[in-house]
Amino acid sequence: MQSIKSAKFTFRGSFLFYFLVAFEFFYMASPFAVYFYSVYKPALNFFNQSPLLSWLIQFFLPHAVRETSSSLVNAHNIIGGILALLGFIGFLVGAVHVYYYKLAKKGVVTGGIYNHIRHPQYASFIICSFGLLILWPRYIVLIMFITMLFVYYMLARAEERECEAKFGSSYSEYRNRTGMFLPFRIPFSMNIRQRTAPRRSRFILPLLTYLAALLIGILLASAVQKLTINSLYAVYSSDSATISINTTDTAILDQVLETALSDERVQTRIQQDHPAKLLNYVLPTTWFAAEIPMNGVKYRAGHKSPADYDHNLYKIIFTKATMRSGENVEGKDILTQVSERKGIVEVRVDLAKGKVTQILELPESVKYRNIPVAVY
């Protein structure tokens, strides 16, 4: 019984921490996003300023960018939203079964969805959490997701031992014909009665399995991040990275950048900030992205991307990028090594006329100022 209480305590503590990290997504989607997100600022800044820990708050899927050349990457928000919703619905279905059996005093829950799977609520939490991970894909959220998988497993094992002690052979028969988290049994599942291994082995094996899962998960996320960066519509140089947040031909990006930089007023304005590295964003004039410092960003227009935009009118946001590993960074590495962005100037370009039509100073107060957010 003590082990069950310890498992539940571990579960509650881990769930609370994961809740605070993963539900950052909902904070960002709310009208009070800036206020809620500022709660995370000290922790985000702590990780962001550390050469060893900064990767934890990086995104391995795009957030500010709306479109890439990869259909799979573009679909990640839809996939994540569907999984989160399905997981939540599954949790509610499992909860209805549990409370029905409790109110009807029918004993252990074995009917309905529980006739096929022993822990549908944990399984639903896993599906929902994975959806949230895809929607808000920081490495630290990935680590907590993998941690929660192991916590759910330990708690499920503890509950099964409790049920077997309470209900005896009837629960053992039920356990033998159902899956733990899936509607089928897996061949390598361990018997919960197994106690023959030494205590040290029973601790080391799960720990090694957990560490291996973390390593595999991080490596897979790194591969996804590489795919994401390679899928961006962007142009790079030794001292700058210029990203388009929507589908834009490289030639168009080059034209927007060259047109903006050919204006002496723009050159003068950029030189005033003495940037060693530039991180620039290109988007249609009528589009807005709250994570990028620009004019006209409000809550309701924070993520505006109308489909019927003029393909000749663009704006480019020049930002000064501070590298965490020195200034010997170039090309795509600017995206992963930037520790801070400072908005410099917003330039409107008319490609049909081949000239700069407007140069705008960035507002004093911009959304998420000095808060580490998704770079791409």
# chains A, B, ... in the order shown; residues from 1 in each chain; ligands from 1
call {"tool": "residues_around", "arguments": {"residues": "region 64-75 of chain A", "least_positions_apart": "2", "cutoff": "6 Å", "atoms": "only C-alpha atoms", "output": "VMD selection string"}}
result
chain A and resid 62 77 to 78 231 to 232 245 to 247 376
call {"tool": "select_by_dssp", "arguments": {"residues": "region 198-321 of chain A", "states": "helix (DSSP H, G or I)", "output": "MDAnalysis selection string"}}
result
chainID A and resid 199:231 250:261 264:271
call {"tool": "residues_around", "arguments": {"residues": "region 207-214 of chain A", "least_positions_apart": "3", "cutoff": "7 Å", "atoms": "only C-alpha atoms", "output": "ChimeraX atom specification"}}
result
/A:143,146,203-204,217-218
call {"tool": "atom_distance", "arguments": {"atom1": "CA of Gly112 (chain A)", "atom2": "CA of Phe145 (chain A)"}}
result
27.7 Å
call {"tool": "residues_around", "arguments": {"residues": "Pro275 (chain A)", "least_positions_apart": "3", "cutoff": "8 Å", "atoms": "only C-alpha atoms", "output": "list of chain:residue names"}}
result
A:Ile270, A:Gln271, A:Leu278, A:Lys320, A:Ala321
call {"tool": "residues_around", "arguments": {"residues": "Glu346 (chain A)", "least_positions_apart": "6", "cutoff": "12 Å", "atoms": "only C-alpha atoms", "output": "PyMOL selection string"}}
result
chain A and resi 257+260-261+265-266+269-270+280-283+285+292-296+314-319+356-363
call {"tool": "residues_around", "arguments": {"residues": "Pro284 (chain A)", "least_positions_apart": "3", "cutoff": "8 Å", "atoms": "only C-alpha atoms", "output": "JSON, numbers by chain"}}
result
{"A": [287, 309, 310, 311, 313, 314, 315]}
call {"tool": "residues_around", "arguments": {"residues": "Ser240 (chain A)", "least_positions_apart": "4", "cutoff": "8 Å", "atoms": "only C-alpha atoms", "output": "PyMOL selection string"}}
result
chain A and resi 236+277-280+330-331+334
call {"tool": "write_last_selection", "arguments": {"atoms": "C-alpha atoms", "output": "PDB file, in the first residue's frame"}}
result
ATOM      1  CA  TYR A 236      21.021  32.427 -45.709  1.00  0.00           C
ATOM      2  CA  LYS A 277      24.019  38.875 -37.228  1.00  0.00           C
ATOM      3  CA  LEU A 278      20.581  39.521 -38.657  1.00  0.00           C
ATOM      4  CA  LEU A 279      17.503  37.354 -38.350  1.00  0.00           C
ATOM      5  CA  ASN A 280      14.894  38.664 -40.784  1.00  0.00           C
ATOM      6  CA  GLU A 330      26.407  31.514 -40.009  1.00  0.00           C
ATOM      7  CA  GLY A 331      23.639  30.212 -42.231  1.00  0.00           C
ATOM      8  CA  ILE A 334      21.765  31.220 -36.710  1.00  0.00           C
TER       9      ILE A 334
END
call {"tool": "select_by_dssp", "arguments": {"residues": "region 139-373 of chain A", "states": "strand (DSSP E)", "output": "short mmCIF file (atom, residue, chain, number, x, y, z; two decimals) with N, CA, C and O atoms, in the first residue's frame"}}
result
data_model
loop_
_atom_site.label_atom_id
_atom_site.label_comp_id
_atom_site.auth_asym_id
_atom_site.auth_seq_id
_atom_site.Cartn_x
_atom_site.Cartn_y
_atom_site.Cartn_z
N TYR A 233 11.09 28.13 -46.05
CA TYR A 233 11.38 28.99 -47.19
C TYR A 233 12.29 30.09 -46.67
O TYR A 233 11.86 31.01 -45.97
N ALA A 234 13.58 29.99 -46.97
CA ALA A 234 14.54 30.89 -46.36
C ALA A 234 15.77 31.04 -47.25
O ALA A 234 16.05 30.19 -48.11
N VAL A 235 16.49 32.14 -47.04
CA VAL A 235 17.79 32.35 -47.67
C VAL A 235 18.78 32.72 -46.57
O VAL A 235 18.43 33.38 -45.60
N TYR A 236 20.01 32.25 -46.75
CA TYR A 236 21.02 32.43 -45.71
C TYR A 236 22.29 33.03 -46.28
O TYR A 236 22.60 32.89 -47.47
N SER A 240 23.47 36.47 -41.94
CA SER A 240 22.03 36.66 -41.81
C SER A 240 21.25 35.41 -42.19
O SER A 240 21.72 34.56 -42.95
N ALA A 241 20.05 35.34 -41.63
CA ALA A 241 19.07 34.32 -42.01
C ALA A 241 17.76 35.07 -42.27
O ALA A 241 17.31 35.84 -41.42
N THR A 242 17.18 34.85 -43.43
CA THR A 242 15.93 35.52 -43.79
C THR A 242 14.88 34.46 -44.07
O THR A 242 15.04 33.64 -44.97
N ILE A 243 13.83 34.47 -43.25
CA ILE A 243 12.80 33.43 -43.31
C ILE A 243 11.48 34.02 -43.79
O ILE A 243 11.09 35.11 -43.37
N SER A 244 10.81 33.28 -44.64
CA SER A 244 9.43 33.62 -44.99
C SER A 244 8.50 32.76 -44.16
O SER A 244 8.73 31.55 -44.01
N LEU A 278 21.96 39.11 -38.44
CA LEU A 278 20.58 39.52 -38.66
C LEU A 278 19.69 38.29 -38.79
O LEU A 278 20.06 37.32 -39.45
N LEU A 279 18.54 38.36 -38.16
CA LEU A 279 17.50 37.35 -38.35
C LEU A 279 16.28 38.10 -38.86
O LEU A 279 15.67 38.90 -38.13
N ASN A 280 15.93 37.88 -40.12
CA ASN A 280 14.89 38.66 -40.78
C ASN A 280 13.68 37.80 -41.14
O ASN A 280 13.82 36.61 -41.42
N TYR A 281 12.53 38.44 -41.14
CA TYR A 281 11.28 37.74 -41.44
C TYR A 281 10.56 38.44 -42.58
O TYR A 281 10.37 39.65 -42.56
N VAL A 282 10.14 37.66 -43.56
CA VAL A 282 9.40 38.18 -44.70
C VAL A 282 8.00 37.59 -44.68
O VAL A 282 7.82 36.38 -44.48
N LEU A 283 7.01 38.45 -44.88
CA LEU A 283 5.62 38.01 -44.93
C LEU A 283 4.79 39.02 -45.72
O LEU A 283 5.20 40.17 -45.87
N PRO A 284 3.66 38.58 -46.25
CA PRO A 284 2.79 39.53 -46.96
C PRO A 284 2.42 40.70 -46.05
O PRO A 284 2.33 40.54 -44.83
N PHE A 288 0.19 38.90 -40.10
CA PHE A 288 0.76 39.24 -38.80
C PHE A 288 1.18 37.97 -38.07
O PHE A 288 0.53 36.93 -38.20
N ALA A 289 2.25 38.06 -37.31
CA ALA A 289 2.72 36.96 -36.47
C ALA A 289 3.18 37.53 -35.15
O ALA A 289 4.12 38.33 -35.11
N HIS A 303 -2.22 36.55 -35.11
CA HIS A 303 -1.88 35.49 -36.05
C HIS A 303 -2.86 35.57 -37.22
O HIS A 303 -3.78 34.78 -37.34
N LYS A 304 -2.63 36.56 -38.05
CA LYS A 304 -3.54 36.81 -39.17
C LYS A 304 -2.84 36.42 -40.47
O LYS A 304 -1.72 36.86 -40.74
N LEU A 313 3.16 42.73 -52.64
CA LEU A 313 3.37 43.57 -51.46
C LEU A 313 3.84 42.73 -50.28
O LEU A 313 3.12 41.84 -49.80
N TYR A 314 5.03 43.03 -49.79
CA TYR A 314 5.62 42.29 -48.68
C TYR A 314 6.18 43.26 -47.65
O TYR A 314 6.47 44.42 -47.94
N LYS A 315 6.37 42.73 -46.46
CA LYS A 315 7.12 43.48 -45.44
C LYS A 315 8.22 42.57 -44.92
O LYS A 315 8.06 41.34 -44.83
N ILE A 316 9.32 43.18 -44.61
CA ILE A 316 10.46 42.44 -44.06
C ILE A 316 10.84 43.08 -42.73
O ILE A 316 11.00 44.30 -42.64
N ILE A 317 10.90 42.26 -41.70
CA ILE A 317 11.25 42.72 -40.36
C ILE A 317 12.71 42.36 -40.11
O ILE A 317 13.07 41.18 -40.07
N PHE A 318 13.53 43.37 -39.95
CA PHE A 318 14.94 43.15 -39.64
C PHE A 318 15.11 43.10 -38.12
O PHE A 318 14.65 44.00 -37.41
N THR A 319 15.75 42.05 -37.62
CA THR A 319 16.02 41.96 -36.19
C THR A 319 17.50 41.67 -35.96
O THR A 319 18.14 40.96 -36.74
N LYS A 320 18.01 42.25 -34.90
CA LYS A 320 19.39 42.00 -34.49
C LYS A 320 19.42 40.71 -33.68
O LYS A 320 18.72 40.58 -32.67
N ALA A 321 20.22 39.75 -34.11
CA ALA A 321 20.28 38.45 -33.45
C ALA A 321 21.56 38.32 -32.65
O ALA A 321 22.66 38.49 -33.19
N THR A 322 21.41 38.03 -31.37
CA THR A 322 22.56 37.78 -30.49
C THR A 322 22.78 36.28 -30.40
O THR A 322 21.85 35.54 -30.06
N MET A 323 23.98 35.85 -30.71
CA MET A 323 24.30 34.43 -30.69
C MET A 323 24.80 34.01 -29.30
O MET A 323 25.57 34.73 -28.67
N VAL A 338 20.58 31.47 -31.81
CA VAL A 338 20.17 32.80 -31.38
C VAL A 338 19.62 32.75 -29.95
O VAL A 338 18.81 31.89 -29.61
N SER A 339 20.09 33.66 -29.12
CA SER A 339 19.61 33.72 -27.74
C SER A 339 18.67 34.89 -27.52
O SER A 339 17.89 34.89 -26.57
N GLU A 340 18.77 35.90 -28.39
CA GLU A 340 17.92 37.07 -28.22
C GLU A 340 17.74 37.78 -29.57
O GLU A 340 18.67 37.86 -30.36
N ARG A 341 16.53 38.25 -29.81
CA ARG A 341 16.26 39.06 -31.01
C ARG A 341 15.81 40.45 -30.58
O ARG A 341 15.01 40.58 -29.67
N LYS A 342 16.33 41.44 -31.26
CA LYS A 342 15.93 42.82 -31.00
C LYS A 342 15.47 43.43 -32.32
O LYS A 342 16.23 43.50 -33.28
N GLY A 343 14.22 43.85 -32.36
CA GLY A 343 13.68 44.41 -33.58
C GLY A 343 14.41 45.68 -33.98
O GLY A 343 14.73 46.52 -33.14
N ILE A 344 14.69 45.81 -35.28
CA ILE A 344 15.39 46.99 -35.78
C ILE A 344 14.44 47.89 -36.56
O ILE A 344 14.21 49.04 -36.20
N VAL A 345 13.86 47.36 -37.63
CA VAL A 345 13.02 48.19 -38.48
C VAL A 345 12.11 47.30 -39.32
O VAL A 345 12.43 46.13 -39.60
N GLU A 346 10.97 47.83 -39.70
CA GLU A 346 10.04 47.14 -40.58
C GLU A 346 10.00 47.88 -41.91
O GLU A 346 9.81 49.10 -41.96
N VAL A 347 10.21 47.14 -42.99
CA VAL A 347 10.29 47.73 -44.32
C VAL A 347 9.22 47.13 -45.22
O VAL A 347 9.12 45.90 -45.33
N ARG A 348 8.43 48.00 -45.85
CA ARG A 348 7.40 47.56 -46.80
C ARG A 348 7.98 47.65 -48.22
O ARG A 348 8.58 48.66 -48.59
N VAL A 349 7.77 46.60 -49.01
CA VAL A 349 8.34 46.52 -50.35
C VAL A 349 7.25 46.22 -51.37
O VAL A 349 6.38 45.37 -51.12
N ASP A 350 7.29 46.92 -52.48
CA ASP A 350 6.40 46.65 -53.62
C ASP A 350 7.25 46.05 -54.74
O ASP A 350 8.06 46.75 -55.36
N LYS A 355 10.60 48.78 -55.43
CA LYS A 355 11.11 49.79 -54.51
C LYS A 355 10.50 49.64 -53.12
O LYS A 355 9.48 48.97 -52.92
N VAL A 356 11.14 50.31 -52.16
CA VAL A 356 10.63 50.39 -50.79
C VAL A 356 9.54 51.45 -50.76
O VAL A 356 9.73 52.57 -51.23
N THR A 357 8.38 51.07 -50.23
CA THR A 357 7.26 52.02 -50.17
C THR A 357 7.11 52.65 -48.80
O THR A 357 6.51 53.72 -48.66
N GLN A 358 7.64 51.98 -47.76
CA GLN A 358 7.45 52.52 -46.41
C GLN A 358 8.51 51.94 -45.48
O GLN A 358 8.86 50.76 -45.57
N ILE A 359 9.01 52.77 -44.60
CA ILE A 359 9.96 52.34 -43.57
C ILE A 359 9.36 52.71 -42.22
O ILE A 359 9.11 53.89 -41.95
N LEU A 360 9.12 51.70 -41.40
CA LEU A 360 8.44 51.92 -40.12
C LEU A 360 9.33 51.55 -38.95
O LEU A 360 9.93 50.47 -38.94
#
call {"tool": "closest_residue", "arguments": {"among": "A:His119, A:Pro42, A:Ile126, A:Asp239", "to": "Glu159 (chain A)", "atoms": "only C-alpha atoms"}}
result
A:His119
call {"tool": "closest_residue", "arguments": {"among": "A:Ser169, A:Ser238, A:Gln58, A:Asn230", "to": "Val373 (chain A)", "atoms": "only C-alpha atoms"}}
result
A:Gln58
